[in-house]
file target-v9.cif (mmCIF, C-alpha atoms)
data_data
loop_
_atom_site.label_atom_id
_atom_site.label_comp_id
_atom_site.auth_asym_id
_atom_site.auth_seq_id
_atom_site.Cartn_x
_atom_site.Cartn_y
_atom_site.Cartn_z
CA MET T 1 -28.45 -143.29 -120.58
CA VAL T 2 -29.94 -140.13 -119.02
CA VAL T 3 -30.52 -141.80 -115.64
CA ARG T 4 -27.00 -143.26 -115.66
CA GLY T 5 -25.64 -139.83 -116.45
CA ILE T 6 -27.33 -138.28 -113.43
CA VAL T 7 -25.81 -140.72 -110.96
CA ALA T 8 -22.57 -141.53 -112.84
CA ARG T 9 -19.61 -141.46 -110.47
CA GLN T 10 -17.18 -140.47 -113.24
CA ARG T 11 -19.24 -137.45 -114.21
CA ASN T 12 -19.51 -136.34 -110.58
CA LEU T 13 -15.72 -136.54 -110.30
CA GLU T 14 -15.44 -134.64 -113.58
CA LEU T 15 -17.62 -131.87 -112.18
CA LEU T 16 -15.23 -131.55 -109.24
CA LEU T 17 -12.26 -131.28 -111.60
CA LEU T 18 -14.06 -128.68 -113.70
CA ALA T 19 -14.84 -126.68 -110.58
CA GLY T 20 -11.07 -126.50 -110.05
CA SER T 21 -10.45 -125.21 -113.57
CA ILE T 22 -13.24 -122.61 -113.28
CA GLY T 23 -11.89 -121.58 -109.90
CA PHE T 24 -8.39 -121.16 -111.37
CA VAL T 25 -9.71 -118.90 -114.13
CA PHE T 26 -11.61 -116.79 -111.60
CA LEU T 27 -8.64 -116.50 -109.21
CA GLY T 28 -6.25 -115.79 -112.08
CA TRP T 29 -8.56 -113.05 -113.34
CA LYS T 30 -8.72 -111.47 -109.88
CA ALA T 31 -4.93 -111.76 -109.48
CA LEU T 32 -4.38 -109.89 -112.74
CA GLN T 33 -6.80 -107.21 -111.57
CA GLU T 34 -4.91 -106.84 -108.27
CA ALA T 35 -1.65 -106.54 -110.20
CA ALA T 36 -3.20 -103.56 -112.03
CA PHE T 37 -2.67 -105.41 -115.28
CA ALA T 38 -4.28 -104.00 -118.43
CA LEU T 39 -6.93 -106.66 -118.98
CA PRO T 40 -9.00 -106.82 -122.18
CA GLU T 41 -12.31 -104.95 -122.08
CA THR T 42 -14.15 -108.25 -122.46
CA ASP T 43 -12.44 -109.89 -119.47
CA THR T 44 -15.70 -110.59 -117.61
CA ARG T 45 -17.19 -112.20 -120.69
CA ILE T 46 -14.08 -114.36 -121.16
CA VAL T 47 -14.26 -115.72 -117.60
CA LEU T 48 -18.01 -116.39 -117.80
CA GLN T 49 -17.68 -117.95 -121.25
CA PHE T 50 -15.08 -120.41 -119.99
CA ALA T 51 -17.27 -121.40 -117.04
CA ILE T 52 -20.35 -121.86 -119.23
CA THR T 53 -18.34 -123.84 -121.79
CA ALA T 54 -16.94 -126.21 -119.16
CA LEU T 55 -20.35 -126.80 -117.58
CA ALA T 56 -22.11 -127.20 -120.92
CA GLY T 57 -19.51 -129.75 -122.05
CA HIS T 58 -19.94 -131.58 -118.75
CA LEU T 59 -23.73 -131.74 -119.07
CA ALA T 60 -23.44 -133.01 -122.64
CA LEU T 61 -21.06 -135.77 -121.50
CA ARG T 62 -23.46 -136.78 -118.72
CA TRP T 63 -25.91 -137.64 -121.46
CA SER T 64 -23.57 -138.97 -124.14
CA CYS T 65 -20.65 -140.56 -122.23
CA PRO T 66 -21.75 -141.23 -118.64
CA ASP T 67 -19.19 -143.99 -118.09
CA ALA T 68 -16.09 -142.42 -119.69
CA PRO T 69 -13.22 -141.55 -117.29
CA ALA T 70 -13.55 -138.13 -115.68
CA GLN T 71 -9.87 -137.27 -115.94
CA VAL T 72 -9.78 -136.92 -119.72
CA PHE T 73 -12.02 -133.86 -120.08
CA GLY T 74 -11.33 -132.57 -116.57
CA ILE T 75 -7.55 -132.37 -117.00
CA ALA T 76 -7.80 -130.99 -120.56
CA MET T 77 -9.96 -128.13 -119.29
CA MET T 78 -7.60 -127.42 -116.40
CA LEU T 79 -4.75 -127.05 -118.91
CA ALA T 80 -6.98 -124.87 -121.09
CA ALA T 81 -7.80 -122.73 -118.03
CA VAL T 82 -4.10 -122.11 -117.35
CA GLY T 83 -3.57 -121.29 -121.02
CA LEU T 84 -6.51 -118.87 -121.11
CA ILE T 85 -5.24 -116.91 -118.10
CA PHE T 86 -1.76 -116.66 -119.55
CA VAL T 87 -3.09 -115.59 -122.94
CA MET T 88 -5.03 -112.85 -121.08
CA ARG T 89 -1.72 -111.98 -119.41
CA LEU T 90 0.54 -112.11 -122.47
CA ALA T 91 -1.76 -111.31 -125.42
CA PRO T 92 -4.87 -109.61 -123.99
CA ALA T 93 -6.01 -108.35 -127.40
CA ILE T 94 -6.71 -111.89 -128.61
CA ALA T 95 -7.79 -113.49 -125.32
CA VAL T 96 -11.42 -113.47 -126.45
CA ASP T 97 -10.38 -115.47 -129.54
CA GLN T 98 -8.77 -118.06 -127.27
CA ALA T 99 -12.00 -118.32 -125.26
CA ASN T 100 -13.94 -118.78 -128.50
CA TRP T 101 -11.58 -121.55 -129.63
CA ILE T 102 -12.06 -123.34 -126.31
CA SER T 103 -15.86 -123.11 -126.70
CA LEU T 104 -15.81 -124.32 -130.30
CA GLY T 105 -13.33 -127.06 -129.46
CA THR T 106 -15.54 -128.28 -126.60
CA ALA T 107 -18.53 -128.46 -128.95
CA LEU T 108 -16.45 -130.46 -131.45
CA MET T 109 -15.25 -132.70 -128.62
CA VAL T 110 -18.84 -133.54 -127.64
CA GLY T 111 -19.75 -134.21 -131.27
CA THR T 112 -16.71 -136.46 -131.67
CA ALA T 113 -17.52 -138.29 -128.43
CA ILE T 114 -20.98 -139.10 -129.82
CA ALA T 115 -20.08 -139.92 -133.42
CA GLY T 116 -16.73 -141.46 -132.49
CA ARG T 117 -18.27 -144.56 -130.94
CA ARG T 118 -18.13 -145.99 -134.45
CA TYR T 119 -14.40 -145.31 -134.50
CA ASP T 120 -13.81 -148.80 -135.90
CA MET T 121 -14.92 -147.45 -139.29
CA LEU T 122 -11.79 -145.27 -139.35
CA GLN T 123 -9.59 -148.34 -139.70
CA ARG T 124 -10.98 -148.94 -143.19
CA TYR T 125 -9.62 -145.57 -144.26
CA LYS T 126 -6.10 -145.77 -142.85
CA TYR T 127 -4.45 -145.45 -146.28
CA THR T 128 -6.94 -142.74 -147.28
CA ALA T 129 -5.89 -140.84 -144.15
CA ALA T 130 -2.24 -141.18 -145.15
CA PHE T 131 -3.03 -139.94 -148.67
CA LEU T 132 -4.95 -136.94 -147.30
CA ALA T 133 -2.04 -136.08 -145.03
CA ILE T 134 0.35 -136.11 -147.99
CA LEU T 135 -2.08 -134.09 -150.14
CA LEU T 136 -2.48 -131.47 -147.43
CA LEU T 137 1.28 -131.26 -147.09
CA VAL T 138 1.64 -130.63 -150.82
CA ILE T 139 -1.07 -127.94 -150.74
CA THR T 140 0.65 -126.26 -147.79
CA GLY T 141 3.98 -126.43 -149.58
CA LEU T 142 2.54 -124.78 -152.70
CA PHE T 143 0.19 -122.23 -151.18
CA GLY T 144 1.13 -122.00 -147.51
CA THR T 145 2.46 -119.09 -145.48
CA GLU T 146 6.06 -119.12 -144.26
CA GLN T 147 6.91 -117.96 -140.75
CA GLY T 148 10.28 -118.30 -139.03
CA GLY T 149 11.67 -120.24 -141.97
CA ALA T 150 9.02 -122.99 -141.79
CA ARG T 151 5.87 -123.28 -143.86
CA ARG T 152 3.08 -124.93 -141.89
CA TRP T 153 0.11 -122.56 -142.29
CA ILE T 154 -2.58 -122.15 -144.94
CA THR T 155 -5.21 -119.42 -145.14
CA ILE T 156 -8.86 -120.47 -145.50
CA ALA T 157 -11.66 -117.85 -145.66
CA GLY T 158 -9.44 -115.28 -143.99
CA TYR T 159 -8.38 -117.62 -141.15
CA THR T 160 -4.85 -118.97 -140.80
CA VAL T 161 -4.90 -122.72 -140.14
CA GLN T 162 -1.89 -124.72 -138.97
CA SER T 163 -2.24 -127.59 -141.41
CA THR T 164 0.27 -129.74 -139.55
CA GLU T 165 -2.29 -130.12 -136.74
CA ILE T 166 -4.78 -131.65 -139.17
CA ILE T 167 -2.04 -133.83 -140.65
CA LYS T 168 -1.36 -135.07 -137.12
CA VAL T 169 -4.92 -136.43 -136.84
CA ALA T 170 -4.67 -138.20 -140.20
CA LEU T 171 -1.39 -139.84 -139.20
CA ILE T 172 -2.86 -140.98 -135.88
CA VAL T 173 -5.59 -142.79 -137.81
CA PHE T 174 -3.05 -144.31 -140.21
CA LEU T 175 -0.66 -145.43 -137.47
CA ALA T 176 -3.40 -146.90 -135.30
CA GLY T 177 -5.03 -148.69 -138.23
CA TYR T 178 -1.83 -150.11 -139.64
CA LEU T 179 -0.29 -151.21 -136.34
CA ALA T 180 -3.55 -152.74 -135.09
CA GLN T 181 -3.50 -154.95 -138.19
CA GLU T 182 0.18 -155.78 -138.40
CA ALA T 183 1.49 -155.55 -134.81
CA SER T 184 1.46 -159.31 -134.26
CA VAL T 185 3.61 -159.86 -137.36
CA LEU T 186 5.98 -156.95 -136.66
CA SER T 187 6.60 -158.23 -133.13
CA MET T 188 8.04 -161.49 -134.49
CA PRO T 189 11.54 -161.60 -136.03
CA LYS T 190 10.37 -164.23 -138.51
CA VAL T 191 7.02 -165.36 -139.93
CA ARG T 192 6.45 -169.06 -140.61
CA PHE T 193 4.36 -169.86 -143.69
CA GLY T 194 4.13 -173.05 -145.75
CA GLY T 195 6.83 -174.74 -143.68
CA ARG T 196 9.35 -171.91 -144.31
CA ASN T 197 10.51 -168.94 -142.29
CA TYR T 198 10.25 -165.43 -143.76
CA SER T 199 11.46 -162.10 -142.42
CA SER T 200 8.80 -159.80 -140.96
CA LEU T 201 10.60 -156.70 -142.26
CA PRO T 202 8.56 -156.51 -145.52
CA TYR T 203 5.52 -155.75 -143.39
CA LEU T 204 7.20 -152.47 -142.50
CA LEU T 205 7.33 -151.38 -146.14
CA PRO T 206 3.88 -149.67 -146.28
CA LEU T 207 4.68 -147.80 -143.06
CA ALA T 208 8.17 -146.92 -144.26
CA GLY T 209 6.86 -145.81 -147.66
CA VAL T 210 4.23 -143.49 -146.23
CA TRP T 211 6.73 -142.11 -143.75
CA LEU T 212 9.38 -141.51 -146.40
CA ILE T 213 6.92 -139.52 -148.51
CA LEU T 214 5.81 -137.54 -145.47
CA MET T 215 9.36 -136.78 -144.42
CA VAL T 216 10.26 -135.56 -147.92
CA ALA T 217 7.14 -133.39 -148.02
CA LEU T 218 7.77 -132.02 -144.55
CA GLY T 219 11.35 -131.36 -145.53
CA LEU T 220 10.13 -129.30 -148.47
CA LEU T 221 8.08 -127.32 -145.94
CA LYS T 222 11.32 -126.94 -143.90
CA ASP T 223 9.34 -127.91 -140.81
CA LEU T 224 11.83 -130.02 -138.88
CA GLY T 225 9.92 -129.52 -135.63
CA THR T 226 6.93 -131.43 -136.96
CA VAL T 227 9.27 -134.04 -138.49
CA ALA T 228 10.78 -134.67 -135.07
CA LEU T 229 7.35 -134.89 -133.44
CA LEU T 230 6.03 -137.40 -135.99
CA LEU T 231 9.18 -139.53 -135.88
CA LEU T 232 8.96 -139.73 -132.10
CA LEU T 233 5.28 -140.63 -132.38
CA ALA T 234 5.97 -143.42 -134.89
CA MET T 235 8.80 -144.75 -132.76
CA ALA T 236 6.69 -144.78 -129.59
CA ALA T 237 3.66 -146.30 -131.34
CA LEU T 238 5.78 -149.11 -132.82
CA TYR T 239 7.21 -149.86 -129.39
CA VAL T 240 3.75 -149.93 -127.78
CA ALA T 241 2.44 -152.19 -130.55
CA THR T 242 5.35 -154.66 -130.56
CA GLY T 243 7.30 -154.23 -127.33
CA LEU T 244 10.57 -154.37 -129.30
CA ILE T 245 13.33 -151.92 -128.36
CA ARG T 246 14.90 -152.22 -131.83
CA TYR T 247 12.24 -149.89 -133.23
CA VAL T 248 13.15 -147.27 -130.61
CA ILE T 249 16.84 -147.55 -131.53
CA ALA T 250 16.08 -147.34 -135.26
CA GLY T 251 13.79 -144.35 -134.70
CA ALA T 252 16.41 -142.56 -132.60
CA ALA T 253 18.99 -143.09 -135.34
CA LEU T 254 16.59 -141.82 -137.99
CA LEU T 255 15.80 -138.78 -135.85
CA ALA T 256 19.50 -138.00 -135.49
CA LEU T 257 20.01 -138.32 -139.25
CA THR T 258 17.01 -136.07 -139.90
CA GLY T 259 18.39 -133.44 -137.52
CA ALA T 260 21.78 -133.59 -139.22
CA ALA T 261 20.14 -133.19 -142.65
CA GLY T 262 18.06 -130.28 -141.42
CA TYR T 263 21.18 -128.61 -140.00
CA ALA T 264 22.96 -128.95 -143.32
CA LEU T 265 20.05 -127.88 -145.56
CA PHE T 266 17.97 -125.24 -143.74
CA TRP T 267 19.27 -121.98 -142.33
CA HIS T 268 16.56 -121.66 -139.67
CA THR T 269 17.28 -125.17 -138.35
CA ARG T 270 20.99 -124.37 -138.27
CA THR T 271 20.23 -121.13 -136.42
CA ARG T 272 18.05 -122.90 -133.85
CA ILE T 273 20.67 -125.54 -133.09
CA ASP T 274 23.52 -123.01 -132.92
CA THR T 275 21.43 -120.77 -130.70
CA TRP T 276 20.54 -123.70 -128.46
CA LEU T 277 24.23 -124.51 -128.00
CA ASN T 278 25.53 -120.94 -127.66
CA PRO T 279 22.74 -118.37 -127.17
CA SER T 280 25.14 -115.81 -125.70
CA ASP T 281 26.99 -115.55 -129.03
CA ASP T 282 24.19 -113.27 -130.28
CA PRO T 283 22.36 -112.09 -127.13
CA LEU T 284 20.42 -109.31 -128.83
CA GLY T 285 19.62 -111.25 -132.00
CA ALA T 286 19.10 -114.96 -132.52
CA GLY T 287 19.90 -115.82 -128.90
CA PHE T 288 17.60 -113.20 -127.36
CA GLN T 289 14.54 -115.47 -127.14
CA THR T 290 16.46 -118.38 -125.62
CA LEU T 291 18.25 -116.20 -123.07
CA GLN T 292 15.07 -114.40 -122.00
CA SER T 293 13.36 -117.76 -121.56
CA SER T 294 16.18 -118.98 -119.32
CA TYR T 295 16.13 -115.73 -117.33
CA ALA T 296 12.37 -115.99 -116.86
CA ILE T 297 12.53 -119.54 -115.49
CA GLN T 298 15.42 -118.58 -113.19
CA ALA T 299 13.57 -115.49 -111.94
CA GLY T 300 10.54 -117.58 -111.04
CA GLY T 301 12.34 -119.60 -108.41
CA ILE T 302 10.24 -121.98 -106.34
CA THR T 303 7.01 -120.01 -105.93
CA GLY T 304 7.18 -117.55 -108.82
CA GLU T 305 6.99 -113.78 -109.16
CA GLY T 306 3.21 -113.85 -108.94
CA LEU T 307 0.64 -113.70 -111.72
CA GLY T 308 0.97 -110.35 -113.48
CA MET T 309 4.08 -109.42 -111.48
CA GLY T 310 6.82 -110.80 -113.71
CA ASN T 311 8.08 -109.78 -117.15
CA PRO T 312 7.48 -112.81 -119.40
CA GLN T 313 6.12 -110.53 -122.11
CA VAL T 314 9.71 -109.64 -123.07
CA ILE T 315 10.13 -113.18 -124.44
CA PRO T 316 9.25 -113.19 -128.16
CA ALA T 317 6.31 -115.54 -128.87
CA ALA T 318 5.71 -115.93 -125.12
CA SER T 319 2.03 -116.86 -125.59
CA THR T 320 2.81 -119.59 -128.14
CA ASP T 321 6.27 -121.18 -128.27
CA TYR T 322 7.41 -120.09 -124.80
CA ILE T 323 4.29 -120.15 -122.67
CA PHE T 324 5.82 -122.75 -120.34
CA SER T 325 8.65 -120.32 -119.55
CA ALA T 326 6.07 -117.63 -118.74
CA ILE T 327 4.32 -120.04 -116.40
CA GLY T 328 7.66 -120.86 -114.77
CA GLU T 329 8.40 -117.18 -114.14
CA GLU T 330 5.06 -116.18 -112.63
CA LEU T 331 3.96 -119.45 -110.97
CA GLY T 332 7.45 -120.74 -110.23
CA LEU T 333 8.81 -124.25 -110.12
CA ILE T 334 5.67 -125.39 -108.30
CA GLY T 335 3.39 -124.11 -111.07
CA ALA T 336 5.61 -125.53 -113.82
CA LEU T 337 5.72 -128.95 -112.14
CA CYS T 338 1.94 -128.88 -111.82
CA ILE T 339 1.68 -128.43 -115.60
CA VAL T 340 4.05 -131.38 -116.15
CA LEU T 341 2.02 -133.44 -113.66
CA LEU T 342 -1.24 -132.60 -115.43
CA PHE T 343 0.17 -133.76 -118.76
CA GLY T 344 1.47 -136.93 -117.13
CA LEU T 345 -1.96 -137.64 -115.65
CA LEU T 346 -3.65 -136.95 -118.99
CA VAL T 347 -1.32 -139.36 -120.81
CA PHE T 348 -1.90 -141.95 -118.07
CA ALA T 349 -5.68 -141.51 -118.42
CA GLY T 350 -5.37 -141.90 -122.20
CA MET T 351 -3.34 -145.10 -121.85
CA ARG T 352 -5.95 -146.46 -119.43
CA VAL T 353 -8.61 -145.77 -122.04
CA SER T 354 -6.46 -147.69 -124.52
CA LEU T 355 -6.36 -150.70 -122.20
CA MET T 356 -10.13 -150.54 -121.75
CA ALA T 357 -10.81 -150.91 -125.48
CA ARG T 358 -12.08 -154.33 -126.57
CA ASP T 359 -10.60 -154.30 -130.07
CA PRO T 360 -7.01 -153.91 -131.36
CA PHE T 361 -7.77 -150.74 -133.32
CA GLY T 362 -9.41 -149.06 -130.31
CA ARG T 363 -6.40 -149.94 -128.17
CA MET T 364 -3.91 -148.57 -130.70
CA LEU T 365 -6.03 -145.47 -131.40
CA GLY T 366 -6.27 -144.60 -127.71
CA ALA T 367 -2.57 -145.24 -127.14
CA THR T 368 -1.52 -143.20 -130.18
CA ILE T 369 -3.66 -140.23 -129.12
CA ALA T 370 -2.20 -140.33 -125.60
CA LEU T 371 1.34 -140.61 -126.99
CA THR T 372 0.76 -137.69 -129.36
CA ILE T 373 -0.35 -135.35 -126.58
CA GLY T 374 2.46 -136.47 -124.29
CA ILE T 375 5.24 -136.28 -126.88
CA GLN T 376 4.13 -132.85 -128.10
CA ALA T 377 4.07 -131.52 -124.53
CA LEU T 378 7.46 -133.08 -123.80
CA VAL T 379 9.04 -131.57 -126.92
CA ILE T 380 7.94 -127.99 -126.22
CA ILE T 381 8.66 -128.16 -122.47
CA ALA T 382 12.14 -129.55 -123.15
CA GLY T 383 12.70 -126.77 -125.68
CA ASN T 384 11.67 -124.09 -123.16
CA LEU T 385 14.04 -125.62 -120.60
CA ARG T 386 16.82 -125.65 -123.23
CA LEU T 387 17.21 -129.41 -123.04
CA ILE T 388 16.69 -129.62 -126.81
CA PRO T 389 16.49 -127.00 -129.60
CA THR T 390 13.12 -125.24 -129.93
CA THR T 391 10.78 -126.76 -132.50
CA GLY T 392 7.94 -124.28 -132.99
CA VAL T 393 5.20 -126.75 -131.97
CA THR T 394 2.54 -125.65 -129.47
CA LEU T 395 1.91 -126.81 -125.90
CA PRO T 396 -1.41 -128.73 -126.17
CA PHE T 397 -4.43 -126.94 -124.65
CA VAL T 398 -2.17 -124.22 -123.18
CA SER T 399 -0.53 -122.27 -126.01
CA GLN T 400 -2.41 -119.56 -127.86
CA GLY T 401 -3.88 -120.82 -131.12
CA GLY T 402 -7.08 -122.12 -132.64
CA SER T 403 -5.92 -125.04 -134.79
CA SER T 404 -4.10 -126.73 -131.93
CA MET T 405 -6.98 -126.22 -129.48
CA LEU T 406 -9.60 -127.61 -131.84
CA VAL T 407 -7.56 -130.64 -132.90
CA ASN T 408 -6.54 -131.60 -129.37
CA LEU T 409 -10.09 -131.33 -128.04
CA VAL T 410 -11.27 -133.51 -130.95
CA LEU T 411 -8.67 -136.07 -129.85
CA VAL T 412 -10.07 -135.84 -126.31
CA GLY T 413 -13.51 -136.57 -127.79
CA LEU T 414 -12.14 -139.69 -129.48
CA LEU T 415 -10.70 -140.92 -126.18
CA LEU T 416 -14.08 -140.41 -124.52
CA ALA T 417 -15.80 -142.31 -127.35
CA ILE T 418 -13.40 -145.26 -127.04
CA ALA T 419 -13.92 -145.40 -123.28
CA GLN T 420 -17.72 -145.18 -123.49
CA ARG T 421 -17.91 -147.90 -126.12
CA ALA T 422 -15.65 -150.14 -124.03
CA ARG T 423 -17.86 -149.78 -120.98
CA SER T 424 -21.16 -149.85 -122.86
CA PRO T 425 -20.68 -151.90 -126.04
CA ASP T 426 -24.46 -152.01 -126.50
CA GLN T 427 -24.36 -148.24 -127.12
CA ALA T 428 -21.80 -148.45 -129.94
#

call {"tool": "encode", "arguments": {"input": "target-v9.cif", "output": "structure tokens"}}
result
Amino acid sequence: MVVRGIVARQRNLELLLLAGSIGFVFLGWKALQEAAFALPETDTRIVLQFAITALAGHLALRWSCPDAPAQVFGIAMMLAAVGLIFVMRLAPAIAVDQANWISLGTALMVGTAIAGRRYDMLQRYKYTAAFLAILLLVITGLFGTEQGGARRWITIAGYTVQSTEIIKVALIVFLAGYLAQEASVLSMPKVRFGGRNYSSLPYLLPLAGVWLILMVALGLLKDLGTVALLLLLAMAALYVATGLIRYVIAGAALLALTGAAGYALFWHTRTRIDTWLNPSDDPLGAGFQTLQSSYAIQAGGITGEGLGMGNPQVIPAASTDYIFSAIGEELGLIGALCIVLLFGLLVFAGMRVSLMARDPFGRMLGATIALTIGIQALVIIAGNLRLIPTTGVTLPFVSQGGSSMLVNLVLVGLLLAIAQRARSPDQA
């Protein structure tokens, strides 16, 4: 394993990709200095910490996952590099926390890549994962913290944790486990048994039951953004597992009904949709964030205002919900398209890992992880561009926040584990 890691072509390519992310952080840091921007006092430490983290993660993967595709970790760290620079730009007081989350997340990724080669054991606990997701939702509903009308945070030992990120992992395990087992039945309109034909719809009941409970619980949390994300994930996973467009149509209808219910029941959902449709009705109140986001993207033009030269800080929650708009203003259309391209390449790399897997659960797990990252990125980017109402979810690897960073890097570790096991089954 060690010798293979030294000469591994994938790891050499990964090192090249990581050099690009380290170079971006260094150039971004220097650009902010040239713009006379008020950087945090620990700016040198932040830059060095990112470089050391990237190289340490790379060296660990040379030993543990020499054959896993280079693009998975390399692209994730490039996105994290962009996010770190923009957190330094938009929220300099907590930039060191973002660097710490990246370091901790990389350590968890390596641990997951090593332990995750026995990912097949997770399939045994698919219903346990669903139960834990529901339990965590109930705990959040009873003891969580409400922000912006939604309740998706709990406080543990003084730290605020976005519990919906953990729930996302549990649902990935449940979806992958269930669909790996039942996909062949769900893809057939009828099942023949004992000389008779039976409908395959009853096989959807466990999935529908878990999802109904989750939707009710999420509705109690008033978190329609996460509801939309999970519905889209379930719809996409069902289509990948079965190839049937009817599940996409049914999911789209259910999503529309959920949005209508949220509009009727929750004031903050109603406000978001009304603001999305007519932000100029309240330009200094509810519509201020949406209008400033649109102005920022328009001001960026093709090449952008330049890092540290724009005014994205006037957008409320610019480092979290609207970080893509900030990127569009200061790096322009070119920079924004590069972010979209990176997410597209990461999803493509994840789907390739899925195809490499030698077992149905590995294939569904890899595909579901890739779909989760892609759908979450699509939802927040579309919200920033005002194609859909904003949802409050984070841009994976880029937005400020610890829970999201840790969970998404753990998912990257799982992808690496699936790929390494596929290419070296003797190491499983």

call {"tool": "resolve_selection", "arguments": {"input": "target-v9.cif", "expression": "the PyMOL selection byres ((chain T and resi 47-54) around 8)", "output": "list in words"}}
result
Leu18, Ile22, Val25, Phe26, Trp29, Asp43, Thr44, Arg45, Ile46, Leu55, Ala56, Gly57, His58, Met77, Ala81, Ala99, Ile102, Ser103 and Thr106 of chain T

call {"tool": "axis_aligned_box", "arguments": {"input": "target-v9.cif", "around": "region 398-411 of chain T", "padding_each_side": "5 Å", "output": "lines of an AutoDock Vina configuration file"}}
result
center_x = -5.9
center_y = -127.8
center_z = -129.0
size_x = 20.7
size_y = 26.5
size_z = 21.6

call {"tool": "closest_residue", "arguments": {"input": "target-v9.cif", "among": "T:Ala70, T:Leu231, T:Gly300, T:Ala326", "to": "Pro312 (chain T)", "atoms": "all atoms listed in the file"}}
result
T:Ala326

call {"tool": "atom_distance", "arguments": {"input": "target-v9.cif", "atom1": "CA of Pro206 (chain T)", "atom2": "CA of Leu171 (chain T)"}}
result
13.2 Å

call {"tool": "resolve_selection", "arguments": {"input": "target-v9.cif", "expression": "the PyMOL selection byres ((chain T and resi 248) around 12)", "output": "list in words"}}
result
Leu231, Leu232, Leu233, Ala234, Met235, Ala236, Ala237, Leu238, Tyr239, Val240, Ala241, Thr242, Gly243, Leu244, Ile245, Arg246, Tyr247, Ile249, Ala250, Gly251, Ala252, Ala253, Leu254 and Leu255 of chain T

call {"tool": "closest_atom_pairs", "arguments": {"input": "target-v9.cif", "of": "region 20-101 of chain T", "to": "region 358-382 of chain T", "cutoff": "12 Å", "atoms": "all atoms listed in the file", "output": "Markdown table"}}
result
| residue | atom | partner | partner_atom | distance |
| --- | --- | --- | --- | --- |
| T:Val72 | CA | T:Ala370 | CA | 10.2 |
| T:Ala76 | CA | T:Ile373 | CA | 10.5 |
| T:Leu79 | CA | T:Ala377 | CA | 11.4 |

call {"tool": "resolve_selection", "arguments": {"input": "target-v9.cif", "expression": "the PyMOL selection byres ((chain T and resi 339) around 12)", "output": "PDB file with C-alpha atoms, keeping the file's coordinate frame"}}
result
ATOM      1  CA  ILE T  75      -7.550-132.370-117.000  1.00  0.00           C
ATOM      2  CA  ALA T  76      -7.800-130.990-120.560  1.00  0.00           C
ATOM      3  CA  MET T  78      -7.600-127.420-116.400  1.00  0.00           C
ATOM      4  CA  LEU T  79      -4.750-127.050-118.910  1.00  0.00           C
ATOM      5  CA  ALA T  80      -6.980-124.870-121.090  1.00  0.00           C
ATOM      6  CA  ALA T  81      -7.800-122.730-118.030  1.00  0.00           C
ATOM      7  CA  VAL T  82      -4.100-122.110-117.350  1.00  0.00           C
ATOM      8  CA  GLY T  83      -3.570-121.290-121.020  1.00  0.00           C
ATOM      9  CA  ILE T 323       4.290-120.150-122.670  1.00  0.00           C
ATOM     10  CA  PHE T 324       5.820-122.750-120.340  1.00  0.00           C
ATOM     11  CA  SER T 325       8.650-120.320-119.550  1.00  0.00           C
ATOM     12  CA  ILE T 327       4.320-120.040-116.400  1.00  0.00           C
ATOM     13  CA  GLY T 328       7.660-120.860-114.770  1.00  0.00           C
ATOM     14  CA  LEU T 331       3.960-119.450-110.970  1.00  0.00           C
ATOM     15  CA  GLY T 332       7.450-120.740-110.230  1.00  0.00           C
ATOM     16  CA  LEU T 333       8.810-124.250-110.120  1.00  0.00           C
ATOM     17  CA  ILE T 334       5.670-125.390-108.300  1.00  0.00           C
ATOM     18  CA  GLY T 335       3.390-124.110-111.070  1.00  0.00           C
ATOM     19  CA  ALA T 336       5.610-125.530-113.820  1.00  0.00           C
ATOM     20  CA  LEU T 337       5.720-128.950-112.140  1.00  0.00           C
ATOM     21  CA  CYS T 338       1.940-128.880-111.820  1.00  0.00           C
ATOM     22  CA  VAL T 340       4.050-131.380-116.150  1.00  0.00           C
ATOM     23  CA  LEU T 341       2.020-133.440-113.660  1.00  0.00           C
ATOM     24  CA  LEU T 342      -1.240-132.600-115.430  1.00  0.00           C
ATOM     25  CA  PHE T 343       0.170-133.760-118.760  1.00  0.00           C
ATOM     26  CA  GLY T 344       1.470-136.930-117.130  1.00  0.00           C
ATOM     27  CA  LEU T 345      -1.960-137.640-115.650  1.00  0.00           C
ATOM     28  CA  LEU T 346      -3.650-136.950-118.990  1.00  0.00           C
ATOM     29  CA  GLY T 374       2.460-136.470-124.290  1.00  0.00           C
ATOM     30  CA  ALA T 377       4.070-131.520-124.530  1.00  0.00           C
ATOM     31  CA  LEU T 378       7.460-133.080-123.800  1.00  0.00           C
ATOM     32  CA  ILE T 381       8.660-128.160-122.470  1.00  0.00           C
ATOM     33  CA  LEU T 395       1.910-126.810-125.900  1.00  0.00           C
ATOM     34  CA  PRO T 396      -1.410-128.730-126.170  1.00  0.00           C
ATOM     35  CA  PHE T 397      -4.430-126.940-124.650  1.00  0.00           C
ATOM     36  CA  VAL T 398      -2.170-124.220-123.180  1.00  0.00           C
TER      37      VAL T 398
END

call {"tool": "closest_residue", "arguments": {"input": "target-v9.cif", "among": "T:Thr128, T:Asn384, T:Gln98, T:Gln420", "to": "Gly116 (chain T)", "atoms": "all atoms listed in the file"}}
result
T:Gln420

call {"tool": "residues_around", "arguments": {"input": "target-v9.cif", "residues": "Ala36 (chain T)", "least_positions_apart": "5", "cutoff": "12 Å", "atoms": "only C-alpha atoms", "output": "count of residues only"}}
result
7
